[in-house]
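Colleague: Enclosed is the structure file structure_34.tsv (TSV, C-alpha atoms and all ligand atoms).
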```tsv
chain	number	residue	atom	x	y	z
A	1	MET	CA	106.92	-0.12	33.06
A	2	ALA	CA	106.58	2.98	30.81
A	3	GLN	CA	109.58	3.84	28.66
A	4	HIS	CA	111.75	6.64	29.98
A	5	GLN	CA	112.73	9.43	27.58
A	6	ALA	CA	116.41	10.24	28.27
A	7	ARG	CA	116.82	13.82	29.55
A	8	LYS	CA	119.82	15.63	28.18
A	9	ARG	CA	119.86	18.25	30.92
A	10	PHE	CA	120.51	15.50	33.48
A	11	GLY	CA	123.28	13.94	31.40
A	12	GLN	CA	121.26	10.77	30.87
A	13	ASN	CA	123.13	8.15	28.88
A	14	PHE	CA	122.02	4.78	30.14
A	15	LEU	CA	124.42	1.89	30.24
A	16	THR	CA	123.09	-1.07	28.24
A	17	ASP	CA	126.11	-3.31	27.70
A	18	PRO	CA	125.98	-6.17	30.26
A	19	SER	CA	129.71	-6.89	29.94
A	20	VAL	CA	130.55	-3.29	30.94
A	21	VAL	CA	128.10	-3.46	33.86
A	22	ASP	CA	129.77	-6.68	34.92
A	23	SER	CA	133.28	-5.18	34.70
A	24	ILE	CA	132.24	-2.19	36.84
A	25	VAL	CA	130.60	-4.36	39.50
A	26	ARG	CA	133.65	-6.64	39.57
A	27	ALA	CA	135.91	-3.59	39.98
A	28	VAL	CA	133.79	-2.38	42.91
A	29	ALA	CA	133.65	-5.92	44.41
A	30	PRO	CA	130.77	-5.13	46.78
A	31	ALA	CA	130.41	-7.22	49.95
A	32	ALA	CA	127.10	-7.71	51.76
A	33	GLY	CA	127.67	-5.33	54.69
A	34	ASP	CA	129.31	-2.49	52.71
A	35	ARG	CA	127.87	1.00	53.06
A	36	VAL	CA	127.41	2.00	49.40
A	37	VAL	CA	125.89	5.09	47.84
A	38	GLU	CA	125.25	5.19	44.11
A	39	ILE	CA	125.01	8.58	42.42
A	40	GLY	CA	122.61	8.74	39.46
A	41	PRO	CA	121.09	5.22	39.41
A	42	GLY	CA	118.93	6.05	36.37
A	43	LEU	CA	117.28	2.90	35.06
A	44	SER	CA	119.15	0.61	37.50
A	45	ALA	CA	121.88	-0.68	35.17
A	46	LEU	CA	124.32	-0.74	38.11
A	47	THR	CA	121.76	-0.63	40.92
A	48	ARG	CA	120.32	-4.05	40.23
A	49	PRO	CA	123.62	-5.99	40.09
A	50	LEU	CA	124.92	-4.04	43.11
A	51	LEU	CA	121.82	-5.13	45.02
A	52	ASP	CA	122.61	-8.75	44.13
A	53	HIS	CA	125.64	-8.39	46.43
A	54	LEU	CA	124.44	-5.89	49.05
A	55	SER	CA	121.86	-6.15	51.79
A	56	ARG	CA	121.15	-2.43	51.44
A	57	LEU	CA	121.97	0.38	49.02
A	58	THR	CA	121.36	4.15	49.00
A	59	VAL	CA	120.95	6.00	45.71
A	60	VAL	CA	120.86	9.74	44.94
A	61	GLU	CA	118.81	10.60	41.85
A	62	ILE	CA	117.79	14.09	40.71
A	63	ASP	CA	115.14	13.01	38.19
A	64	ARG	CA	111.82	12.68	40.03
A	65	ASP	CA	110.38	10.22	37.47
A	66	LEU	CA	113.38	7.93	37.84
A	67	ALA	CA	113.31	8.26	41.64
A	68	ALA	CA	109.60	7.30	41.65
A	69	ARG	CA	110.28	4.35	39.36
A	70	LEU	CA	113.04	3.08	41.67
A	71	ARG	CA	110.78	3.38	44.72
A	72	LYS	CA	108.20	1.25	42.92
A	73	GLN	CA	110.73	-1.33	41.79
A	74	TYR	CA	112.54	-2.04	45.06
A	75	PRO	CA	111.41	-2.36	48.69
A	76	SER	CA	112.57	0.58	50.84
A	77	GLU	CA	114.40	-1.76	53.28
A	78	GLN	CA	116.61	-2.76	50.36
A	79	LEU	CA	116.94	0.51	48.46
A	80	GLU	CA	116.91	3.98	50.02
A	81	VAL	CA	116.10	6.51	47.31
A	82	ILE	CA	117.22	10.08	47.98
A	83	GLU	CA	115.65	12.36	45.40
A	84	ALA	CA	118.17	15.19	45.32
A	85	ASP	CA	120.93	16.97	43.47
A	86	ALA	CA	124.12	15.09	44.44
A	87	LEU	CA	125.89	18.46	44.62
A	88	ALA	CA	123.68	19.37	47.58
A	89	VAL	CA	124.10	16.07	49.46
A	90	ASP	CA	126.43	15.92	52.47
A	91	PHE	CA	128.18	12.61	51.81
A	92	ALA	CA	130.06	12.76	55.13
A	93	ALA	CA	126.69	12.32	56.87
A	94	PHE	CA	126.51	8.70	55.60
A	95	GLY	CA	129.21	7.81	58.13
A	96	PRO	CA	132.66	6.22	57.88
A	97	GLY	CA	133.78	3.55	55.43
A	98	LEU	CA	131.52	4.88	52.68
A	99	ARG	CA	131.86	3.47	49.17
A	100	VAL	CA	130.61	5.77	46.42
A	101	VAL	CA	129.75	4.45	42.96
A	102	GLY	CA	128.29	6.03	39.86
A	103	ASN	CA	128.06	6.39	36.15
A	104	LEU	CA	128.15	10.14	36.65
A	105	PRO	CA	126.32	12.82	34.70
A	106	TYR	CA	129.20	14.22	32.64
A	107	ASN	CA	127.89	17.79	32.70
A	108	ILE	CA	128.63	18.11	36.43
A	109	SER	CA	131.57	15.75	36.82
A	110	SER	CA	134.22	18.27	37.96
A	111	PRO	CA	131.97	20.12	40.46
A	112	LEU	CA	130.85	16.74	41.82
A	113	LEU	CA	134.42	15.50	42.25
A	114	PHE	CA	135.31	18.70	44.12
A	115	HIS	CA	132.14	18.44	46.21
A	116	LEU	CA	133.03	14.86	47.22
A	117	MET	CA	136.52	15.95	48.31
A	118	ALA	CA	134.94	17.59	51.36
A	119	SER	CA	133.75	14.15	52.55
A	120	ALA	CA	136.91	12.20	51.62
A	121	GLY	CA	137.71	11.61	55.32
A	122	GLN	CA	134.64	9.34	55.57
A	123	VAL	CA	135.14	7.55	52.27
A	124	ARG	CA	136.74	4.15	51.70
A	125	ASP	CA	136.71	4.35	47.91
A	126	GLN	CA	134.93	5.78	44.86
A	127	HIS	CA	134.38	4.11	41.49
A	128	PHE	CA	133.13	6.37	38.73
A	129	MET	CA	132.45	6.24	35.05
A	130	LEU	CA	133.33	9.58	33.49
A	131	GLN	CA	134.43	11.05	30.20
A	132	ARG	CA	137.79	9.44	29.43
A	133	GLU	CA	139.28	12.87	28.83
A	134	VAL	CA	138.40	13.91	32.40
A	135	ILE	CA	139.91	10.74	33.87
A	136	ASP	CA	143.08	11.31	31.82
A	137	ARG	CA	143.33	14.73	33.52
A	138	MET	CA	142.60	13.31	36.97
A	139	VAL	CA	145.46	10.80	36.81
A	140	ALA	CA	147.94	12.87	34.76
A	141	LEU	CA	151.47	13.35	36.09
A	142	PRO	CA	153.47	16.60	35.91
A	143	GLY	CA	154.98	17.39	32.54
A	144	GLY	CA	152.12	16.33	30.28
A	145	ALA	CA	149.41	18.33	28.56
A	146	ASP	CA	146.70	16.67	30.68
A	147	TYR	CA	148.23	17.78	34.00
A	148	SER	CA	145.89	20.46	35.32
A	149	ARG	CA	144.25	22.01	38.37
A	150	LEU	CA	141.98	18.94	38.57
A	151	SER	CA	145.02	16.60	38.67
A	152	VAL	CA	146.75	18.54	41.46
A	153	MET	CA	143.68	19.04	43.65
A	154	LEU	CA	142.47	15.43	43.38
A	155	GLN	CA	145.94	13.90	43.69
A	156	SER	CA	146.48	15.88	46.91
A	157	ARG	CA	143.57	13.88	48.41
A	158	TYR	CA	143.29	10.58	46.50
A	159	ARG	CA	145.31	7.78	44.99
A	160	MET	CA	143.67	7.13	41.63
A	161	ALA	CA	143.80	4.52	38.90
A	162	LYS	CA	142.15	4.51	35.51
A	163	LEU	CA	140.69	1.02	35.12
A	164	PHE	CA	139.29	0.65	31.58
A	165	ASP	CA	137.71	2.48	28.66
A	166	VAL	CA	134.04	2.21	27.68
A	167	PRO	CA	132.95	2.93	24.08
A	168	PRO	CA	129.90	5.11	23.26
A	169	GLU	CA	128.02	2.05	21.92
A	170	ALA	CA	127.72	0.72	25.47
A	171	PHE	CA	125.07	3.40	26.18
A	172	ASP	CA	121.63	4.41	25.03
A	173	PRO	CA	121.65	7.11	23.79
A	174	PRO	CA	125.37	6.91	22.98
A	175	PRO	CA	127.39	9.90	24.27
A	176	LYS	CA	129.65	11.79	21.83
A	177	VAL	CA	132.77	10.83	23.76
A	178	VAL	CA	134.62	7.75	24.97
A	179	SER	CA	134.13	7.02	28.67
A	180	ALA	CA	136.32	5.31	31.23
A	181	VAL	CA	136.16	4.00	34.78
A	182	VAL	CA	138.34	5.33	37.58
A	183	ARG	CA	139.04	4.10	41.12
A	184	MET	CA	139.74	6.75	43.77
A	185	MET	CA	141.10	5.85	47.23
A	186	PRO	CA	141.43	8.69	49.75
A	187	LEU	CA	144.98	9.14	51.06
A	188	GLY	CA	145.47	8.57	54.79
A	189	GLU	CA	145.97	11.05	57.63
A	190	ASP	CA	149.72	10.85	57.05
A	191	ARG	CA	149.44	12.40	53.57
A	192	PRO	CA	151.38	15.64	52.91
A	193	ARG	CA	148.96	18.39	53.95
A	194	PRO	CA	149.11	22.12	53.28
A	195	ARG	CA	148.99	24.48	56.29
A	196	SER	CA	145.90	25.97	54.72
A	197	GLU	CA	143.67	24.14	52.19
A	198	ALA	CA	142.28	27.50	51.06
A	199	ALA	CA	145.75	28.89	50.36
A	200	PHE	CA	146.72	25.71	48.48
A	201	GLU	CA	143.56	25.93	46.34
A	202	GLN	CA	144.23	29.59	45.65
A	203	VAL	CA	147.83	29.00	44.54
A	204	VAL	CA	146.92	26.04	42.30
A	205	ALA	CA	144.01	27.90	40.68
A	206	ARG	CA	146.16	30.93	40.03
A	207	ALA	CA	149.13	28.94	38.69
A	208	PHE	CA	146.91	27.09	36.19
A	209	SER	CA	144.95	30.19	35.17
A	210	GLN	CA	147.72	30.69	32.59
A	211	ARG	CA	149.31	27.30	32.39
A	212	ARG	CA	151.73	28.13	29.59
A	213	LYS	CA	153.21	31.12	31.41
A	214	MET	CA	156.22	30.91	33.71
A	215	LEU	CA	155.31	30.82	37.40
A	216	ARG	CA	157.40	33.91	38.13
A	217	ARG	CA	155.00	35.80	35.86
A	218	VAL	CA	151.69	34.18	36.85
A	219	LEU	CA	152.54	34.50	40.56
A	220	ALA	CA	154.30	37.86	40.04
A	221	ASP	CA	153.20	39.61	43.23
A	222	TRP	CA	154.13	36.60	45.40
A	223	VAL	CA	157.40	35.78	43.69
A	224	ALA	CA	159.74	37.35	46.28
A	225	HIS	CA	158.24	35.27	49.09
A	226	ILE	CA	158.69	31.88	47.44
A	227	PRO	CA	161.91	30.02	48.41
A	228	TRP	CA	162.38	28.62	44.90
A	229	GLU	CA	165.73	26.98	45.53
A	230	THR	CA	164.70	25.28	48.78
A	231	LEU	CA	161.57	23.95	47.08
A	232	GLY	CA	163.59	22.78	44.09
A	233	ILE	CA	161.33	24.68	41.66
A	234	ALA	CA	162.72	26.98	38.97
A	235	PRO	CA	160.90	30.36	38.81
A	236	THR	CA	160.88	29.81	35.06
A	237	ALA	CA	158.89	26.56	35.45
A	238	ARG	CA	155.29	26.40	34.30
A	239	ALA	CA	152.40	25.15	36.43
A	240	GLU	CA	152.24	21.95	34.40
A	241	GLU	CA	155.75	21.00	35.62
A	242	VAL	CA	155.15	21.38	39.38
A	243	SER	CA	154.29	18.38	41.57
A	244	VAL	CA	151.56	18.33	44.23
A	245	ALA	CA	154.31	18.57	46.91
A	246	GLY	CA	155.74	21.58	45.06
A	247	PHE	CA	152.40	23.41	45.16
A	248	ILE	CA	152.00	22.58	48.86
A	249	GLY	CA	155.50	24.02	49.44
A	250	ILE	CA	154.67	27.25	47.59
A	251	ALA	CA	151.35	27.67	49.43
A	252	ASP	CA	152.94	26.99	52.84
A	253	ALA	CA	155.71	29.51	52.20
A	254	LEU	CA	153.17	32.18	51.26
A	255	VAL	CA	151.10	31.48	54.37
A	256	GLN	CA	154.23	31.59	56.53
A	257	ALA	CA	155.25	34.91	54.99
A	258	GLY	CA	151.78	36.24	55.75
A	259	VAL	CA	151.17	37.00	52.08
A	260	ILE	CA	148.03	34.90	51.86
A	261	ALA	CA	145.65	34.05	54.67
A	262	GLY	CA	146.45	30.99	56.79
A	263	PRO	CA	144.10	28.48	58.39
B	1	LIG	N1	123.51	4.75	36.40
B	1	LIG	C1	122.71	4.78	35.20
B	1	LIG	C2	123.36	3.95	34.12
B	1	LIG	O1	124.55	3.62	34.28
B	1	LIG	O2	122.73	3.64	33.12
B	1	LIG	C3	122.47	6.21	34.71
B	1	LIG	C4	123.69	7.00	34.35
B	1	LIG	S1	123.36	8.58	33.59
B	1	LIG	C5	124.92	8.89	32.81
B	1	LIG	C6	123.43	9.75	34.92
B	1	LIG	C7	122.33	9.66	35.97
B	1	LIG	O3	122.55	10.70	36.94
B	1	LIG	C8	120.92	9.88	35.46
B	1	LIG	O4	120.06	8.96	36.05
B	1	LIG	C9	120.57	11.31	35.88
B	1	LIG	O5	119.19	11.54	36.04
B	1	LIG	C10	121.32	11.40	37.19
B	1	LIG	N2	121.71	12.78	37.57
B	1	LIG	C11	122.00	13.82	36.76
B	1	LIG	N3	122.35	14.91	37.46
B	1	LIG	C12	122.29	14.55	38.77
B	1	LIG	C13	122.52	15.23	39.99
B	1	LIG	N4	122.92	16.50	40.00
B	1	LIG	N5	122.34	14.57	41.15
B	1	LIG	C14	121.93	13.25	41.14
B	1	LIG	N6	121.70	12.56	40.02
B	1	LIG	C15	121.87	13.18	38.84
```
As structure tokens, how would this structure be written, given the file I've shared?
Ligand code: SAM

Modeller:
Amino acid sequence: MAQHQARKRFGQNFLTDPSVVDSIVRAVAPAAGDRVVEIGPGLSALTRPLLDHLSRLTVVEIDRDLAARLRKQYPSEQLEVIEADALAVDFAAFGPGLRVVGNLPYNISSPLLFHLMASAGQVRDQHFMLQREVIDRMVALPGGADYSRLSVMLQSRYRMAKLFDVPPEAFDPPPKVVSAVVRMMPLGEDRPRPRSEAAFEQVVARAFSQRRKMLRRVLADWVAHIPWETLGIAPTARAEEVSVAGFIGIADALVQAGVIAGP
């Protein structure tokens, strides 16, 4: 088959190291009847070994040449190829128990993670290769420099574990950064939930818009409506010191006070 010229605009860095492929597939541990969707199959580095374990796999690929190549390589009963931008795909429509896998295009990793949050109720787990620096932010705990809006938003919805690092040499062409693999398991229905997701998102985004500033300054016009003592948060704290539960508490108090819109 003709050689494929890697396209930078689609974040194409193809995995070539068989031991890394093997580690990812072992981490996913696919079983024959699993409902799996792979984002960005590219040249099949993960697709092929996943298919060794699965009776059927769905892939979402934006590059029409790669999508055509995959359709030629595998029978449609085995591999369903959706030629689309993953950001426009409704993952909830795949049904419950969904397992999502991908060596993701790094240029859209944060928007894609946020997009997938909307379907988390249907998802069993997600295994992604991403820039290590992004994964460090995803799993960061309060108090560290990596703790950010991404950490709070994702940790409000998923339990996450960084599994292992992957060096640039494992890809062709090699990316400029070290990569890593993360496992994300959606939290259950009994997770702490804000009264309003929109209010929670608004508070977190605002708090981290100036992460080094004290909350009483960043949230200045809301400050009088936040029961700081009850929540156990000092008004002099910075966003990077507040837990997910703390942000839920602030958002709920503001909704209750009618300061920001409720559900
Ligand atoms: N899975 C392959 C591997 O491990 O070698 C390819 C990984 S490469 C980092 C990312 C893949 O995602 C490419 O195949 C690229 O064309 C595809 N891609 C990029 N942007 C996409 C998007 N918005 N939606 C779906 N696929 C996308």

Colleague: Would you name the residues within 8 Å of ligand LIG 1 (chain B), counting all atoms listed in the file, and put them as a PyMOL selection string?

Modeller: chain A and resi 7+9-16+21+38-47+60-63+66+83-87+102-108+171

Colleague: Please provide as a list of chain:residue names all residues within 8 Å of A:Leu215, with the sequence filter that same-chain residues fewer than 6 positions apart are discarded (counting all atoms listed in the file).

Modeller: A:Ala207, A:Pro235, A:Thr236, A:Ala237, A:Arg238, A:Ala239

Colleague: Set the distance at 9 Å and use only C-alpha atoms: which residues neighbour A:Gly246 once local chain neighbours fewer than 5 positions away are removed? I'd like the list as a list in words.

Modeller: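 That gives Leu231, Gly232, Ile233 and Ala251 of chain A.
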
Colleague: For A:Ala180, work out the shell of residues within 6 Å, counting all atoms listed in the file and skipping chain neighbours fewer than 4 positions away, then give it as a VMD selection string.

Modeller: chain A and resid 129 to 130 132 164 to 166

Colleague: I'd like to know which of A:Gln78, A:Ser196, A:Ser119, A:Gln210 is closest to A:Leu54, using all atoms listed in the file.

Modeller: A:Gln78

Colleague: Counting all atoms listed in the file, which residue out of A:Pro49, A:Pro263, A:Pro192, A:Gly249 sits closest to A:Ile226?

Modeller: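 Smallest separation from A:Ile226 among the options: A:Gly249.
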
Colleague: Separation of atom CA of A:Leu57 and atom CA of A:Val37, in Å?

Modeller: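 Computed distance, atom CA of A:Leu57 to atom CA of A:Val37, equals 6.2 Å.
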
Colleague: List the neighbours of A:Ile24 out to 9 Å using all atoms listed in the file; skip same-chain residues closer than 3 positions along the sequence, and give me the result as a CSV table (one decimal) with C-alpha atoms, in the frame of the given file.

Modeller:
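Saved as result.csv:
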```csv
chain,number,residue,atom,x,y,z
A,19,SER,CA,129.7,-6.9,29.9
A,20,VAL,CA,130.6,-3.3,30.9
A,21,VAL,CA,128.1,-3.5,33.9
A,27,ALA,CA,135.9,-3.6,40.0
A,28,VAL,CA,133.8,-2.4,42.9
A,29,ALA,CA,133.6,-5.9,44.4
A,46,LEU,CA,124.3,-0.7,38.1
A,127,HIS,CA,134.4,4.1,41.5
A,128,PHE,CA,133.1,6.4,38.7
A,129,MET,CA,132.4,6.2,35.0
A,181,VAL,CA,136.2,4.0,34.8
```

Colleague: Work out how far apart atom CA of A:Asp172 and atom CA of A:Arg35 are and give it in Å to one decimal.

Modeller: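 These atoms are spaced 28.9 Å apart.
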
Colleague: Report, in Å with one decimal, the straight-line distance from atom CA of A:Ile82 to atom CA of A:Ala68.

Modeller: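 Result for atom CA of A:Ile82 versus atom CA of A:Ala68: 10.3 Å, one decimal.
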
Colleague: Which is closer to A:Asp136 than all the others in A:Lys162, A:Arg149, A:Lys72, A:Arg64, using only C-alpha atoms?

Modeller: A:Lys162

Colleague: Write out as a PyMOL selection string the residues lying within 8 Å of A:Gln155, counting only C-alpha atoms and excluding same-chain residues fewer than 5 positions away.

Modeller: chain A and resi 138-139+160+244

Colleague: From the options A:Arg137, A:Ile248, A:Glu201, A:Ala120, which residue's atoms come nearest to A:Glu189, counting only C-alpha atoms?

Modeller: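 Closest to A:Glu189 of all the choices is A:Ala120.
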